[in-house]
>>> print(open('protein_21.cif').read())   # mmCIF, C-alpha atoms
data_work
#
loop_
_atom_site.label_atom_id
_atom_site.label_comp_id
_atom_site.auth_asym_id
_atom_site.auth_seq_id
_atom_site.Cartn_x
_atom_site.Cartn_y
_atom_site.Cartn_z
CA MET F 7 15.67 -74.67 -11.37
CA THR F 8 13.91 -71.43 -10.35
CA PRO F 9 10.12 -71.90 -10.40
CA ARG F 10 8.26 -70.04 -13.11
CA PRO F 11 6.25 -67.01 -11.95
CA LEU F 12 2.58 -67.96 -11.60
CA ILE F 13 0.44 -65.98 -14.05
CA ALA F 14 -3.32 -65.99 -13.50
CA VAL F 15 -5.52 -65.95 -16.61
CA PRO F 16 -9.25 -65.54 -15.85
CA ALA F 17 -11.10 -68.23 -17.75
CA MET F 18 -13.95 -67.58 -20.18
CA ARG F 19 -17.24 -69.41 -19.79
CA SER F 20 -18.17 -71.43 -22.87
CA PRO F 21 -21.45 -73.32 -23.46
CA LYS F 22 -19.67 -75.87 -25.65
CA VAL F 23 -16.13 -77.25 -25.42
CA ALA F 24 -14.93 -80.04 -27.70
CA GLY F 25 -14.57 -83.29 -25.78
CA LEU F 26 -16.85 -82.26 -22.91
CA ARG F 27 -20.46 -83.26 -22.41
CA ARG F 28 -21.28 -79.99 -20.68
CA SER F 29 -20.26 -76.34 -20.66
CA GLY F 30 -16.71 -75.43 -19.70
CA VAL F 31 -14.25 -72.65 -18.89
CA VAL F 32 -11.43 -71.97 -21.32
CA VAL F 33 -8.26 -69.96 -21.91
CA ALA F 34 -7.00 -69.16 -25.42
CA GLU F 35 -4.07 -71.42 -26.26
CA ARG F 36 -2.03 -68.59 -27.77
CA ILE F 37 -2.31 -66.59 -24.54
CA ALA F 38 -0.99 -69.58 -22.58
CA GLU F 39 1.77 -70.20 -25.13
CA SER F 40 2.91 -66.57 -25.01
CA ILE F 41 3.08 -66.58 -21.20
CA TYR F 42 4.93 -69.90 -21.14
CA ARG F 43 7.36 -68.75 -23.85
CA ALA F 44 8.10 -65.72 -21.64
CA GLY F 45 9.05 -68.02 -18.76
CA GLY F 46 5.78 -67.85 -16.85
CA GLU F 47 3.41 -70.58 -15.72
CA PRO F 48 -0.06 -69.77 -17.12
CA LEU F 49 -2.84 -70.91 -14.80
CA SER F 50 -6.53 -70.71 -15.67
CA LEU F 51 -8.57 -69.10 -12.89
CA PHE F 52 -12.24 -69.97 -12.47
CA GLY F 53 -14.57 -67.01 -11.80
CA GLY F 54 -15.73 -68.12 -8.37
CA ASP F 55 -16.95 -65.77 -5.64
CA GLU F 56 -16.24 -62.15 -6.57
CA SER F 57 -15.84 -61.21 -2.90
CA GLU F 58 -12.78 -63.50 -2.71
CA ALA F 59 -11.02 -62.02 -5.76
CA ASP F 60 -8.33 -60.10 -3.87
CA GLY F 61 -7.30 -63.14 -1.87
CA ARG F 62 -7.32 -65.46 -4.86
CA PHE F 63 -5.27 -63.15 -7.08
CA GLY F 64 -2.96 -62.52 -4.15
CA ALA F 65 -1.76 -66.12 -4.53
CA PHE F 66 -0.28 -65.30 -7.96
CA ASP F 67 2.76 -63.38 -9.17
CA GLY F 68 1.14 -61.74 -12.20
CA ALA F 69 -1.94 -61.79 -14.41
CA VAL F 70 -3.09 -61.52 -18.01
CA LEU F 71 -6.68 -60.36 -18.50
CA PRO F 72 -7.65 -61.85 -21.89
CA GLY F 73 -10.03 -61.02 -24.72
CA GLY F 74 -13.59 -62.24 -25.14
CA ARG F 75 -17.15 -61.08 -25.78
CA ASP F 76 -18.51 -57.53 -25.37
CA VAL F 77 -18.94 -55.98 -21.93
CA ASP F 78 -22.56 -55.43 -20.87
CA PRO F 79 -23.25 -51.74 -21.69
CA ARG F 80 -25.46 -51.44 -18.59
CA LEU F 81 -22.20 -51.44 -16.60
CA TYR F 82 -21.15 -48.10 -18.09
CA THR F 83 -24.10 -46.37 -19.79
CA ASP F 84 -27.86 -45.82 -19.71
CA GLU F 85 -28.01 -46.01 -23.50
CA PRO F 86 -29.75 -48.97 -25.18
CA ARG F 87 -27.64 -51.93 -26.24
CA HIS F 88 -26.36 -51.43 -29.79
CA PRO F 89 -27.59 -54.06 -32.30
CA ARG F 90 -23.98 -55.16 -32.83
CA THR F 91 -23.25 -55.56 -29.10
CA ASP F 92 -23.16 -59.15 -27.85
CA GLU F 93 -25.87 -60.55 -25.62
CA PRO F 94 -24.55 -59.91 -22.08
CA ASP F 95 -23.07 -62.64 -19.90
CA GLU F 96 -23.66 -61.23 -16.41
CA ILE F 97 -21.71 -64.00 -14.67
CA GLN F 98 -18.64 -63.48 -16.85
CA ASP F 99 -18.84 -59.71 -16.51
CA ALA F 100 -19.08 -59.86 -12.72
CA ALA F 101 -16.11 -62.22 -12.49
CA ASP F 102 -13.97 -60.12 -14.83
CA ILE F 103 -14.83 -56.81 -13.17
CA ALA F 104 -13.81 -58.37 -9.84
CA ALA F 105 -10.58 -59.63 -11.41
CA ALA F 106 -9.75 -56.16 -12.74
CA GLY F 107 -10.32 -54.62 -9.32
CA ALA F 108 -8.24 -57.31 -7.65
CA VAL F 109 -5.11 -56.86 -9.78
CA ILE F 110 -5.17 -53.14 -8.95
CA SER F 111 -5.80 -53.76 -5.26
CA VAL F 112 -3.09 -56.41 -4.97
CA GLY F 113 -0.64 -54.45 -7.13
CA LEU F 114 -0.14 -57.45 -9.41
CA PRO F 115 1.94 -57.02 -12.59
CA THR F 116 -0.75 -57.32 -15.26
CA LEU F 117 -1.30 -57.17 -19.01
CA ALA F 118 -4.92 -56.54 -20.06
CA ILE F 119 -5.83 -57.52 -23.63
CA CYS F 120 -8.83 -56.44 -25.77
CA ARG F 121 -11.90 -57.31 -23.62
CA GLY F 122 -9.61 -57.33 -20.59
CA PHE F 123 -8.51 -53.81 -21.58
CA GLN F 124 -12.14 -52.68 -21.85
CA VAL F 125 -13.21 -54.43 -18.63
CA LEU F 126 -10.38 -52.76 -16.71
CA ASN F 127 -11.48 -49.36 -18.03
CA VAL F 128 -15.11 -49.99 -17.04
CA ALA F 129 -14.09 -51.32 -13.61
CA LEU F 130 -12.35 -47.99 -12.98
CA GLY F 131 -15.37 -45.92 -14.00
CA GLY F 132 -14.62 -45.49 -17.70
CA THR F 133 -16.98 -45.93 -20.63
CA LEU F 134 -16.88 -47.62 -24.04
CA VAL F 135 -17.94 -46.86 -27.59
CA GLN F 136 -20.41 -49.66 -28.35
CA HIS F 137 -19.61 -49.88 -32.06
CA LEU F 138 -16.83 -48.56 -34.30
CA GLU F 139 -17.56 -48.21 -37.99
CA PRO F 140 -14.79 -49.76 -40.14
CA ASP F 141 -13.57 -46.42 -41.47
CA PRO F 142 -10.82 -45.37 -41.88
CA ILE F 143 -9.40 -48.38 -39.97
CA ASP F 144 -11.16 -51.73 -39.80
CA HIS F 145 -10.42 -52.81 -36.23
CA ALA F 146 -12.61 -55.93 -36.40
CA ASN F 147 -11.00 -58.21 -38.95
CA ASN F 148 -7.51 -59.07 -37.69
CA GLU F 149 -6.02 -56.57 -40.12
CA LEU F 150 -2.67 -55.09 -39.12
CA HIS F 151 -2.65 -51.37 -38.47
CA GLU F 152 -0.19 -49.01 -36.82
CA VAL F 153 -0.34 -47.67 -33.27
CA ASP F 154 1.62 -44.68 -32.03
CA LEU F 155 2.94 -45.16 -28.50
CA GLN F 156 3.98 -42.46 -26.07
CA PRO F 157 7.78 -42.34 -25.72
CA GLY F 158 8.89 -43.46 -22.28
CA SER F 159 5.67 -45.36 -21.54
CA ARG F 160 5.94 -48.90 -20.15
CA VAL F 161 4.27 -50.27 -23.29
CA ALA F 162 6.77 -48.51 -25.59
CA GLN F 163 9.70 -49.55 -23.41
CA ALA F 164 8.56 -53.17 -23.39
CA MET F 165 8.02 -53.26 -27.17
CA GLY F 166 11.16 -51.29 -27.97
CA SER F 167 9.40 -48.88 -30.32
CA THR F 168 6.97 -45.96 -30.44
CA VAL F 169 5.29 -47.15 -33.65
CA VAL F 170 4.06 -50.74 -33.87
CA ALA F 171 1.89 -52.76 -36.25
CA VAL F 172 -0.83 -54.62 -34.35
CA SER F 173 -3.44 -57.31 -34.96
CA SER F 174 -6.84 -56.23 -33.67
CA TYR F 175 -10.22 -57.92 -33.48
CA HIS F 176 -12.76 -55.65 -31.80
CA HIS F 177 -15.69 -53.43 -32.73
CA GLN F 178 -15.86 -51.52 -29.45
CA ALA F 179 -13.37 -49.11 -27.92
CA VAL F 180 -12.52 -47.00 -24.88
CA ALA F 181 -14.45 -43.71 -24.73
CA ARG F 182 -14.01 -41.96 -21.37
CA ILE F 183 -10.85 -43.19 -19.69
CA GLY F 184 -11.17 -44.75 -16.22
CA ALA F 185 -9.78 -43.33 -12.99
CA ASP F 186 -5.98 -43.54 -12.57
CA LEU F 187 -5.45 -44.70 -16.14
CA VAL F 188 -3.40 -42.72 -18.66
CA VAL F 189 -3.60 -43.21 -22.42
CA VAL F 190 -0.21 -44.09 -23.93
CA GLY F 191 -1.19 -45.33 -27.39
CA ARG F 192 -3.62 -44.47 -30.18
CA ALA F 193 -4.38 -45.65 -33.70
CA GLY F 194 -4.43 -43.21 -36.61
CA ASP F 195 -8.20 -42.74 -36.25
CA GLY F 196 -7.80 -41.72 -32.59
CA CYS F 197 -8.91 -45.07 -31.13
CA VAL F 198 -7.36 -45.63 -27.69
CA GLU F 199 -5.01 -48.58 -28.10
CA ALA F 200 -2.93 -48.63 -24.91
CA PHE F 201 -3.08 -47.32 -21.36
CA GLU F 202 -1.26 -47.72 -18.06
CA HIS F 203 -2.27 -47.39 -14.43
CA VAL F 204 -0.59 -44.48 -12.67
CA THR F 205 0.36 -46.42 -9.53
CA ALA F 206 -0.21 -50.16 -10.06
CA PRO F 207 2.09 -52.16 -12.42
CA VAL F 208 -0.79 -52.66 -14.84
CA MET F 209 -0.88 -51.92 -18.56
CA GLY F 210 -3.43 -52.70 -21.23
CA VAL F 211 -3.63 -52.94 -25.01
CA GLN F 212 -6.69 -53.00 -27.24
CA TRP F 213 -5.09 -55.32 -29.78
CA HIS F 214 -4.21 -59.03 -29.56
CA PRO F 215 -0.43 -59.41 -29.10
CA GLU F 216 -0.83 -63.17 -28.75
CA ASP F 217 -2.01 -63.43 -32.39
CA ASN F 218 1.52 -63.12 -33.73
CA ALA F 219 3.74 -63.15 -30.64
CA HIS F 220 5.33 -66.37 -31.89
CA GLU F 221 6.79 -64.51 -34.88
CA ALA F 222 6.76 -60.84 -33.83
CA PRO F 223 9.31 -60.21 -31.03
CA GLU F 224 7.81 -56.83 -30.14
CA GLN F 225 4.45 -58.49 -29.39
CA GLN F 226 6.05 -61.32 -27.39
CA ALA F 227 7.94 -58.61 -25.49
CA LEU F 228 4.70 -57.52 -23.77
CA PHE F 229 4.37 -60.98 -22.21
CA ASP F 230 8.11 -61.06 -21.46
CA PHE F 231 7.81 -57.74 -19.62
CA VAL F 232 4.87 -58.83 -17.46
CA VAL F 233 6.45 -62.18 -16.59
CA GLU F 234 9.73 -60.46 -15.71
CA GLN F 235 7.88 -58.02 -13.45
CA ALA F 236 5.96 -60.94 -11.93
CA GLY F 237 9.28 -62.54 -11.00
CA VAL F 238 10.38 -59.33 -9.29
CA PHE F 239 7.03 -59.11 -7.50
CA ARG F 240 7.40 -62.65 -6.18
CA THR F 241 10.96 -62.05 -4.99
CA GLN F 242 9.96 -58.87 -3.16
CA ARG F 243 6.95 -60.55 -1.57
CA MET F 244 9.03 -63.48 -0.36
CA ALA F 245 11.58 -61.08 1.17
CA THR F 246 8.97 -59.34 3.34
#
>>> encode(input="protein_21.cif", output="structure tokens")
Amino acid sequence: MTPRPLIAVPAMRSPKVAGLRRSGVVVAERIAESIYRAGGEPLSLFGGDESEADGRFGAFDGAVLPGGRDVDPRLYTDEPRHPRTDEPDEIQDAADIAAAGAVISVGLPTLAICRGFQVLNVALGGTLVQHLEPDPIDHANNELHEVDLQPGSRVAQAMGSTVVAVSSYHHQAVARIGADLVVVGRAGDGCVEAFEHVTAPVMGVQWHPEDNAHEAPEQQALFDFVVEQAGVFRTQRMAT
């Protein structure tokens, strides 16, 4: 049997994990399920030394950068932290910024989701809106809303449509787009919902495709696409 492509998922630090006496590092089960359902082998990656990120990610065939808490605004603005912005986790932010840089540097097929989407933008010099008011679209309560995708984009090709209903859970959003990223999807209120890197095989979405990937084929298709590309990446690397 052909081995499953190895898909790195940076773990999230958590002060409390059921069954453990101390803090832990976790990966959302639905992310892992979606990768596995696509034929990939999801592997949790501990933050570790940021200077080693390129080498560590270079051992994988693909990556999914998952959701999580808000990015520290000091990484992209001089403005004060908004009252609704989470208390920063500097260790998590440093690890995730390094991960975002590594997948670009290595050229790793990657899907960035929600926080991962925002981290990737910040890592490439972009900025974020610290708080979106829930009008006219409430992005923060898992409510489905439509996103218009650019025809011919990798995201649209993977999902098989240019208009998709998505499940989102975020109160921040991309403001200025990062270097070498191109916007390929927006919500009706103008919120940036999808982008792609112009040279690396990296795409990102602001919503959570894992929420309903088990019952929405177009959402599962994003994981299918990345795992398929990861398999190609591994084959090409082994041939060189």
>>> residues_near_point(input="protein_21.cif", point="(2.1, -60.0, -26.7)", cutoff="8 Å", atoms="all atoms listed in the file", output="short mmCIF file (atom, residue, chain, number, x, y, z; two decimals) with C-alpha atoms, in the coordinates of the input")
data_model
loop_
_atom_site.label_atom_id
_atom_site.label_comp_id
_atom_site.auth_asym_id
_atom_site.auth_seq_id
_atom_site.Cartn_x
_atom_site.Cartn_y
_atom_site.Cartn_z
CA SER F 40 2.91 -66.57 -25.01
CA HIS F 214 -4.21 -59.03 -29.56
CA PRO F 215 -0.43 -59.41 -29.10
CA GLU F 216 -0.83 -63.17 -28.75
CA ASP F 217 -2.01 -63.43 -32.39
CA ASN F 218 1.52 -63.12 -33.73
CA ALA F 219 3.74 -63.15 -30.64
CA GLU F 224 7.81 -56.83 -30.14
CA GLN F 225 4.45 -58.49 -29.39
CA GLN F 226 6.05 -61.32 -27.39
CA ALA F 227 7.94 -58.61 -25.49
CA LEU F 228 4.70 -57.52 -23.77
CA PHE F 229 4.37 -60.98 -22.21
#
>>> resolve_selection(input="protein_21.cif", expression="the PyMOL selection byres ((chain F and resi 145) around 10)", output="PyMOL selection string")
chain F and resi 138-144+146-151+172-179+193+197+212-213
>>> resolve_selection(input="protein_21.cif", expression="the PyMOL selection byres ((chain F and resi 210) around 12)", output="VMD selection string")
chain F and resid 69 to 73 106 115 to 127 159 to 162 180 187 to 191 198 to 203 206 to 209 211 to 215 228 to 229 232
>>> write_last_selection(input="protein_21.cif", atoms="C-alpha atoms", output="PDB file, keeping the file's coordinate frame")
ATOM      1  CA  ALA F  69      -1.940 -61.790 -14.410  1.00  0.00           C
ATOM      2  CA  VAL F  70      -3.090 -61.520 -18.010  1.00  0.00           C
ATOM      3  CA  LEU F  71      -6.680 -60.360 -18.500  1.00  0.00           C
ATOM      4  CA  PRO F  72      -7.650 -61.850 -21.890  1.00  0.00           C
ATOM      5  CA  GLY F  73     -10.030 -61.020 -24.720  1.00  0.00           C
ATOM      6  CA  ALA F 106      -9.750 -56.160 -12.740  1.00  0.00           C
ATOM      7  CA  PRO F 115       1.940 -57.020 -12.590  1.00  0.00           C
ATOM      8  CA  THR F 116      -0.750 -57.320 -15.260  1.00  0.00           C
ATOM      9  CA  LEU F 117      -1.300 -57.170 -19.010  1.00  0.00           C
ATOM     10  CA  ALA F 118      -4.920 -56.540 -20.060  1.00  0.00           C
ATOM     11  CA  ILE F 119      -5.830 -57.520 -23.630  1.00  0.00           C
ATOM     12  CA  CYS F 120      -8.830 -56.440 -25.770  1.00  0.00           C
ATOM     13  CA  ARG F 121     -11.900 -57.310 -23.620  1.00  0.00           C
ATOM     14  CA  GLY F 122      -9.610 -57.330 -20.590  1.00  0.00           C
ATOM     15  CA  PHE F 123      -8.510 -53.810 -21.580  1.00  0.00           C
ATOM     16  CA  GLN F 124     -12.140 -52.680 -21.850  1.00  0.00           C
ATOM     17  CA  VAL F 125     -13.210 -54.430 -18.630  1.00  0.00           C
ATOM     18  CA  LEU F 126     -10.380 -52.760 -16.710  1.00  0.00           C
ATOM     19  CA  ASN F 127     -11.480 -49.360 -18.030  1.00  0.00           C
ATOM     20  CA  SER F 159       5.670 -45.360 -21.540  1.00  0.00           C
ATOM     21  CA  ARG F 160       5.940 -48.900 -20.150  1.00  0.00           C
ATOM     22  CA  VAL F 161       4.270 -50.270 -23.290  1.00  0.00           C
ATOM     23  CA  ALA F 162       6.770 -48.510 -25.590  1.00  0.00           C
ATOM     24  CA  VAL F 180     -12.520 -47.000 -24.880  1.00  0.00           C
ATOM     25  CA  LEU F 187      -5.450 -44.700 -16.140  1.00  0.00           C
ATOM     26  CA  VAL F 188      -3.400 -42.720 -18.660  1.00  0.00           C
ATOM     27  CA  VAL F 189      -3.600 -43.210 -22.420  1.00  0.00           C
ATOM     28  CA  VAL F 190      -0.210 -44.090 -23.930  1.00  0.00           C
ATOM     29  CA  GLY F 191      -1.190 -45.330 -27.390  1.00  0.00           C
ATOM     30  CA  VAL F 198      -7.360 -45.630 -27.690  1.00  0.00           C
ATOM     31  CA  GLU F 199      -5.010 -48.580 -28.100  1.00  0.00           C
ATOM     32  CA  ALA F 200      -2.930 -48.630 -24.910  1.00  0.00           C
ATOM     33  CA  PHE F 201      -3.080 -47.320 -21.360  1.00  0.00           C
ATOM     34  CA  GLU F 202      -1.260 -47.720 -18.060  1.00  0.00           C
ATOM     35  CA  HIS F 203      -2.270 -47.390 -14.430  1.00  0.00           C
ATOM     36  CA  ALA F 206      -0.210 -50.160 -10.060  1.00  0.00           C
ATOM     37  CA  PRO F 207       2.090 -52.160 -12.420  1.00  0.00           C
ATOM     38  CA  VAL F 208      -0.790 -52.660 -14.840  1.00  0.00           C
ATOM     39  CA  MET F 209      -0.880 -51.920 -18.560  1.00  0.00           C
ATOM     40  CA  VAL F 211      -3.630 -52.940 -25.010  1.00  0.00           C
ATOM     41  CA  GLN F 212      -6.690 -53.000 -27.240  1.00  0.00           C
ATOM     42  CA  TRP F 213      -5.090 -55.320 -29.780  1.00  0.00           C
ATOM     43  CA  HIS F 214      -4.210 -59.030 -29.560  1.00  0.00           C
ATOM     44  CA  PRO F 215      -0.430 -59.410 -29.100  1.00  0.00           C
ATOM     45  CA  LEU F 228       4.700 -57.520 -23.770  1.00  0.00           C
ATOM     46  CA  PHE F 229       4.370 -60.980 -22.210  1.00  0.00           C
ATOM     47  CA  VAL F 232       4.870 -58.830 -17.460  1.00  0.00           C
TER      48      VAL F 232
END
>>> residues_around(input="protein_21.cif", residues="Asp99 of chain F", least_positions_apart="6", cutoff="10 Å", atoms="only C-alpha atoms", output="PyMOL selection string")
chain F and resi 18+53+75-78+81+105+125
>>> atom_distance(input="protein_21.cif", atom1="atom CA of Glu47 of chain F", atom2="atom CA of Gly64 of chain F")
15.5 Å
>>> resolve_selection(input="protein_21.cif", expression="the PyMOL selection byres ((chain F and resi 104) around 9)", output="compact mmCIF listing (two decimals) with C-alpha atoms, in the frame of the given file")
# COMPACT_ATOMS: atom_id res chain seq x y z
CA GLY F 53 -14.57 -67.01 -11.80
CA GLU F 56 -16.24 -62.15 -6.57
CA SER F 57 -15.84 -61.21 -2.90
CA GLU F 58 -12.78 -63.50 -2.71
CA ALA F 59 -11.02 -62.02 -5.76
CA ASP F 60 -8.33 -60.10 -3.87
CA ASP F 99 -18.84 -59.71 -16.51
CA ALA F 100 -19.08 -59.86 -12.72
CA ALA F 101 -16.11 -62.22 -12.49
CA ASP F 102 -13.97 -60.12 -14.83
CA ILE F 103 -14.83 -56.81 -13.17
CA ALA F 105 -10.58 -59.63 -11.41
CA ALA F 106 -9.75 -56.16 -12.74
CA GLY F 107 -10.32 -54.62 -9.32
CA ALA F 108 -8.24 -57.31 -7.65
CA VAL F 109 -5.11 -56.86 -9.78
CA ALA F 129 -14.09 -51.32 -13.61
>>> atom_distance(input="protein_21.cif", atom1="atom CA of Ala181 of chain F", atom2="atom CA of Gln163 of chain F")
24.9 Å
>>> atom_distance(input="protein_21.cif", atom1="atom CA of Gln136 of chain F", atom2="atom CA of Pro89 of chain F")
9.3 Å
>>> closest_residue(input="protein_21.cif", among="F:Gly132, F:Pro21, F:Pro157, F:Gly54", to="Ile97 of chain F", atoms="all atoms listed in the file")
F:Gly54
>>> closest_residue(input="protein_21.cif", among="F:Gly61, F:Gly74, F:Met7, F:Val112", to="Val32 of chain F", atoms="only C-alpha atoms")
F:Gly74
>>> residues_around(input="protein_21.cif", residues="Pro11 of chain F", least_positions_apart="3", cutoff="12 Å", atoms="all atoms listed in the file", output="NGL selection string")
:F and (8 or 14 or 41-42 or 44-49 or 65-69 or 114-115 or 230 or 232-241)
>>> decode(input="protein_21.cif", residues="segment 88-104 of chain F", atoms="N, CA and C atoms", output="tab-separated table (two decimals), in the first residue's frame")
chain	number	residue	atom	x	y	z
F	88	HIS	N	-7.30	46.00	20.73
F	88	HIS	CA	-8.74	46.20	20.84
F	88	HIS	C	-9.26	45.43	22.05
F	89	PRO	N	-10.27	45.95	22.76
F	89	PRO	CA	-10.82	45.22	23.92
F	89	PRO	C	-11.29	43.81	23.61
F	90	ARG	N	-11.67	43.55	22.36
F	90	ARG	CA	-12.15	42.22	21.99
F	90	ARG	C	-11.03	41.30	21.52
F	91	THR	N	-9.81	41.81	21.39
F	91	THR	CA	-8.68	40.99	20.94
F	91	THR	C	-8.14	40.16	22.10
F	92	ASP	N	-7.88	38.89	21.83
F	92	ASP	CA	-7.39	37.98	22.87
F	92	ASP	C	-6.07	38.46	23.48
F	93	GLU	N	-5.85	38.07	24.73
F	93	GLU	CA	-4.54	38.27	25.35
F	93	GLU	C	-3.50	37.52	24.53
F	94	PRO	N	-2.40	38.17	24.15
F	94	PRO	CA	-1.44	37.52	23.25
F	94	PRO	C	-0.76	36.30	23.88
F	95	ASP	N	-0.43	35.35	23.03
F	95	ASP	CA	0.41	34.21	23.40
F	95	ASP	C	1.67	34.32	22.54
F	96	GLU	N	2.71	34.93	23.07
F	96	GLU	CA	3.91	35.23	22.28
F	96	GLU	C	4.60	33.96	21.78
F	97	ILE	N	4.57	32.91	22.59
F	97	ILE	CA	5.22	31.66	22.19
F	97	ILE	C	4.49	31.04	21.01
F	98	GLN	N	3.15	31.01	21.08
F	98	GLN	CA	2.37	30.45	19.98
F	98	GLN	C	2.54	31.28	18.72
F	99	ASP	N	2.50	32.60	18.88
F	99	ASP	CA	2.64	33.47	17.71
F	99	ASP	C	3.99	33.27	17.02
F	100	ALA	N	5.05	33.20	17.81
F	100	ALA	CA	6.39	33.03	17.23
F	100	ALA	C	6.49	31.71	16.48
F	101	ALA	N	5.93	30.65	17.07
F	101	ALA	CA	5.98	29.34	16.42
F	101	ALA	C	5.18	29.33	15.12
F	102	ASP	N	4.02	29.97	15.14
F	102	ASP	CA	3.15	29.95	13.96
F	102	ASP	C	3.66	30.86	12.85
F	103	ILE	N	4.25	31.99	13.21
F	103	ILE	CA	4.87	32.86	12.21
F	103	ILE	C	6.02	32.11	11.52
F	104	ALA	N	6.81	31.40	12.32
F	104	ALA	CA	7.91	30.60	11.75
F	104	ALA	C	7.38	29.51	10.83
